Each structure stands twice: as structure tokens, then as C-alpha cells.
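The structure appears below as C-alpha cells.
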Amino acid sequence: MPAEILKDEILRTMPLHAITEVYGEPGLRRRFLFEIRRFPDPSRETLTAALDLAADLHREDRRVREPYLNHLLRVALRIMCYYRVEDVDVLVAALLHDAVEDHPCELAGLPVPQPHDVATEAALAEVARRFGTRVADLVASVTNPQYDPDQDRYEQYREHVAESLDRDPWARVIKISDFTDNGVGIIHTTGPKMASSARKYRPLVATFRDLIARDDTPLSPESKSHIMDQLDLAEERFAAILD
């Protein structure tokens, strides 16, 4: 078997965080491109364009010890590989789920700074222009609002998640993959951020259990069972850190 094919086969069988540890961003990119080979040409082009945009917007961003793009790739790959979802709009939104929140002015082509609402609206309009209104709506559902500085930031975050995902079943799919990468993957976090992330995410475990179990959550019973197991693992890790 040629070496290049062998590497693809190895990557296809590896857990996503293992790919990250062994091969880094190039390995995750390769796995992503391998997975989308089965899509028709227009869909592959759309997904590749979304990946290129995400890579450009987050080019200087870091997530603890790694490029931020790794997180976005894992979120999209988890949806494809473990949730068995091949909805291109959902996968594009997964790749761009932090773009509007983190880089609204750059995405919209606006000078910095801009009022939060102006920048967010313009960035979502640009997502809609490039990838369609459904993608923009999904990204909007998983984009955090501007927080009230006089209230607890984590509590506001949890309230927003519960409210936005209650009304948008497909956004749940993106957010639970994001939560899994942050929650189960918390063991890859270092320093004070480990405890602060555990405090932020732990109260959401029960919320996600309820949301994923709902009949309108568009996942198979097998995928829902997998997610419930991942929530159990996340709770175990939160407890080990905080208790």
C-alpha cells in the first residue's frame, strides 16, 4: 500500500485529539479533506472555501498550545465522523462558528472598532452572502451576545446557550460538538484555564442531556448515545478538576 494511502487510512482510524497530538494542524486538515472526498464537487468546493476563510480569520489565534483552527476542524470532523451528519450548511457553520464572535470587523471588511451590534450584523450578512442565509442563521445561534458587565459572564453564557439551542435543533449539533471539544478535551488544557473552563462548562452538562434527548434533535439514536457517553466523560473530568 502506498505511503500516502496508508497515512490516510491511519488518520481515518485515529481519535481527533490523537491526530492533533501526533500530526497537528496538517493532520487534521488532511483528515478533513479525506472525509469530504465523498461529497459532490460543489459541496467540496463550498467546504474548502469555508475552511480557507476560517483559517484566514483565525490565522493568529491560539487555543492553549495549538492553532485555533485545530478546534474548528475537530468540531466539524466530529459532526461528520461521529454524528454521521453530511449536511453541508451545518458543516460550514461548524467551521465558522466562532468567526462572527471573534473577527466580525475583519469578516465584514469594516474598520476597527465598531459597535458590537453593527459589527455582528455586518459579519452575519457577509456569511449569508458567501454561504447562504441558513449558514448565517446557524452561526448566529451559536454566537455569544454582548455580555452585561454587571452580571456574571458564565451565567449569561449558559442562559444564552439554553435559549438559542432550545429553538434551533441543528445549532444543537454544532454546539454539542463544540462543547465536547472543550469539555472532554479539557484534559488538554493547562494552567488556571483548566479550572475556569470546568466551572464554565460543568453546569451545561444537564442542559445538553435534555437538548440531545429531544425528539426534534436531528441525530440518530446511535449518535445520541455516543454524545451521552461523551457528556458522562466530560462530567467525570469536571468533577476530577473541581471536586
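If you're wondering about the labels, chains in the C-alpha cells are A, B, ... by order shown, residues count from 1 in each chain, ligands from 1 in order shown.
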Exercise for review: Would you return as an NGL selection string the members of segment 91-130 of chain A that DSSP assigns to helix (DSSP H, G or I) on this structure's backbone?
Suggested key: :A and (91-95 or 99-102 or 104-108 or 116-130)
Report as a Markdown table: every residue of segment 46-147 of chain A with an atom at most 9 Å from segment 195-219 of chain A, its closest pair of atoms, and their distance in Å to one decimal, counting only C-alpha atoms, with rows sorted by chain and ascending residue number.
| residue | atom | partner | partner_atom | distance |
| --- | --- | --- | --- | --- |
| A:Tyr83 | CA | A:Leu219 | CA | 6.9 |
| A:Arg84 | CA | A:Leu219 | CA | 8.1 |
| A:Val85 | CA | A:Leu219 | CA | 7.9 |
Please write the residues from the selection above to a file, keeping N, CA and C atoms, as a short mmCIF file (atom, residue, chain, number, x, y, z; two decimals), in the first residue's frame.
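Output contents, as saved in result.cif:
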data_model
loop_
_atom_site.label_atom_id
_atom_site.label_comp_id
_atom_site.auth_asym_id
_atom_site.auth_seq_id
_atom_site.Cartn_x
_atom_site.Cartn_y
_atom_site.Cartn_z
N TYR A 83 -21.14 11.94 14.45
CA TYR A 83 -22.58 12.17 14.43
C TYR A 83 -23.20 11.75 13.10
N ARG A 84 -22.36 11.44 12.12
CA ARG A 84 -22.81 10.96 10.80
C ARG A 84 -23.69 11.98 10.09
N VAL A 85 -23.31 13.24 10.18
CA VAL A 85 -24.06 14.33 9.53
C VAL A 85 -23.28 14.79 8.32
#
List every residue of segment 106-145 of chain A that has an atom at most 8 Å from any atom of segment 46-62 of chain A, giving for each one its closest atom pair and the distance in Å to one decimal, counting only C-alpha atoms, sorted by chain and then by ascending residue number, as JSON lines.
{"residue": "A:Glu106", "atom": "CA", "partner": "A:Leu57", "partner_atom": "CA", "distance": 7.4}
{"residue": "A:Leu107", "atom": "CA", "partner": "A:Leu57", "partner_atom": "CA", "distance": 7.2}
{"residue": "A:Phe131", "atom": "CA", "partner": "A:Thr46", "partner_atom": "CA", "distance": 7.7}
Those same residues, written as a PDB file, in the first residue's frame with all heavy atoms?
ATOM      1  N   GLU A 106     -13.208  42.133  10.602  1.00  0.00           N
ATOM      2  CA  GLU A 106     -12.391  41.601   9.512  1.00  0.00           C
ATOM      3  C   GLU A 106     -13.252  40.820   8.519  1.00  0.00           C
ATOM      4  O   GLU A 106     -13.094  40.947   7.302  1.00  0.00           O
ATOM      5  CB  GLU A 106     -11.295  40.701  10.065  1.00  0.00           C
ATOM      6  CG  GLU A 106     -10.358  40.179   8.995  1.00  0.00           C
ATOM      7  CD  GLU A 106      -9.230  39.336   9.551  1.00  0.00           C
ATOM      8  OE1 GLU A 106      -9.144  39.169  10.783  1.00  0.00           O
ATOM      9  OE2 GLU A 106      -8.435  38.817   8.740  1.00  0.00           O
ATOM     10  N   LEU A 107     -14.168  40.026   9.039  1.00  0.00           N
ATOM     11  CA  LEU A 107     -15.059  39.250   8.177  1.00  0.00           C
ATOM     12  C   LEU A 107     -15.920  40.157   7.311  1.00  0.00           C
ATOM     13  O   LEU A 107     -16.121  39.903   6.121  1.00  0.00           O
ATOM     14  CB  LEU A 107     -15.936  38.338   9.041  1.00  0.00           C
ATOM     15  CG  LEU A 107     -17.004  37.498   8.348  1.00  0.00           C
ATOM     16  CD1 LEU A 107     -16.403  36.632   7.245  1.00  0.00           C
ATOM     17  CD2 LEU A 107     -17.726  36.623   9.362  1.00  0.00           C
ATOM     18  N   PHE A 131     -22.272  32.103   1.887  1.00  0.00           N
ATOM     19  CA  PHE A 131     -22.663  30.703   2.099  1.00  0.00           C
ATOM     20  C   PHE A 131     -24.165  30.485   2.264  1.00  0.00           C
ATOM     21  O   PHE A 131     -24.591  29.335   2.419  1.00  0.00           O
ATOM     22  CB  PHE A 131     -21.932  30.147   3.334  1.00  0.00           C
ATOM     23  CG  PHE A 131     -20.440  30.170   3.210  1.00  0.00           C
ATOM     24  CD1 PHE A 131     -19.683  31.129   3.870  1.00  0.00           C
ATOM     25  CD2 PHE A 131     -19.772  29.249   2.408  1.00  0.00           C
ATOM     26  CE1 PHE A 131     -18.299  31.164   3.754  1.00  0.00           C
ATOM     27  CE2 PHE A 131     -18.392  29.265   2.284  1.00  0.00           C
ATOM     28  CZ  PHE A 131     -17.652  30.233   2.954  1.00  0.00           C
TER      29      PHE A 131
END
Exercise for review: Write out as a PyMOL selection string which residues come within 7 Å of Glu101 of chain A when counting only C-alpha atoms, dropping same-chain ones fewer than 3 positions away.
Suggested key: chain A and resi 98+104+143-144
Point to revise | From A:Gln151, A:Gln146, A:Ser43, A:Ser141, residue lying nearest Pro169 of chain A [only C-alpha atoms] | key: A:Ser141
Check your understanding: In Å, with one decimal, what is the gap from atom CA of Val173 of chain A to atom CA of Ile227 of chain A?
Key -> 10.0 Å
Check your understanding: atom CA of Leu11 of chain A and atom CA of Thr180 of chain A, how far apart in Å?
Key ->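 Computing it gives 19.9 Å between the two atoms.
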Check your understanding: Of the candidates A:Arg167, A:Lys224, A:Arg44, A:His97, which one gets nearest to Val135 of chain A if we count only C-alpha atoms?
Key ->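 The closest residue to Val135 of chain A is A:His97.
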Check your understanding: Which one is closest to Asp102 of chain A: A:Ala234, A:Ile36, A:Val184, A:Ala123? Count only C-alpha atoms.
Key ->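 Closest residue, counting only C-alpha atoms: A:Ala123.
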Review point. Got a sec: who's within 9 Å of His160 of chain A, counting only C-alpha atoms, leaving out chain neighbours fewer than 5 positions off, as a VMD selection string?
Key: chain A and resid 142 144 to 145 155 165
Review point. Quick one: residues within 12 Å of Ile19 of chain A, only C-alpha atoms counted, chain neighbours fewer than 3 positions away excluded, as a list of chain:residue names?
Key: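 Using only C-alpha atoms, the neighbours found are A:Lys7, A:Asp8, A:Ile10, A:Leu11, A:Arg12, A:Thr13, A:Met14, A:Pro15, A:Leu16, A:Val22, A:Tyr23, A:Gly24, A:Glu25, A:Pro26, A:Gly27, A:Leu28, A:Arg29, A:Arg30, A:Arg31, A:Phe32, A:Asn70, A:His71, A:Leu73, A:Arg74, A:Leu77.
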Exercise for review: Counting only C-alpha atoms, figure out which residue out of A:Arg65, A:His188, A:Lys175, A:His116 gets nearest to Leu138 of chain A.
Suggested key: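 Looking at the shortest contact to Leu138 of chain A, the residue is A:Lys175.
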Point to revise | Computed interatomic separation between atom CA of Glu21 of chain A and atom CA of Val139 of chain A (Å) | key: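 The value is 28.1 Å.
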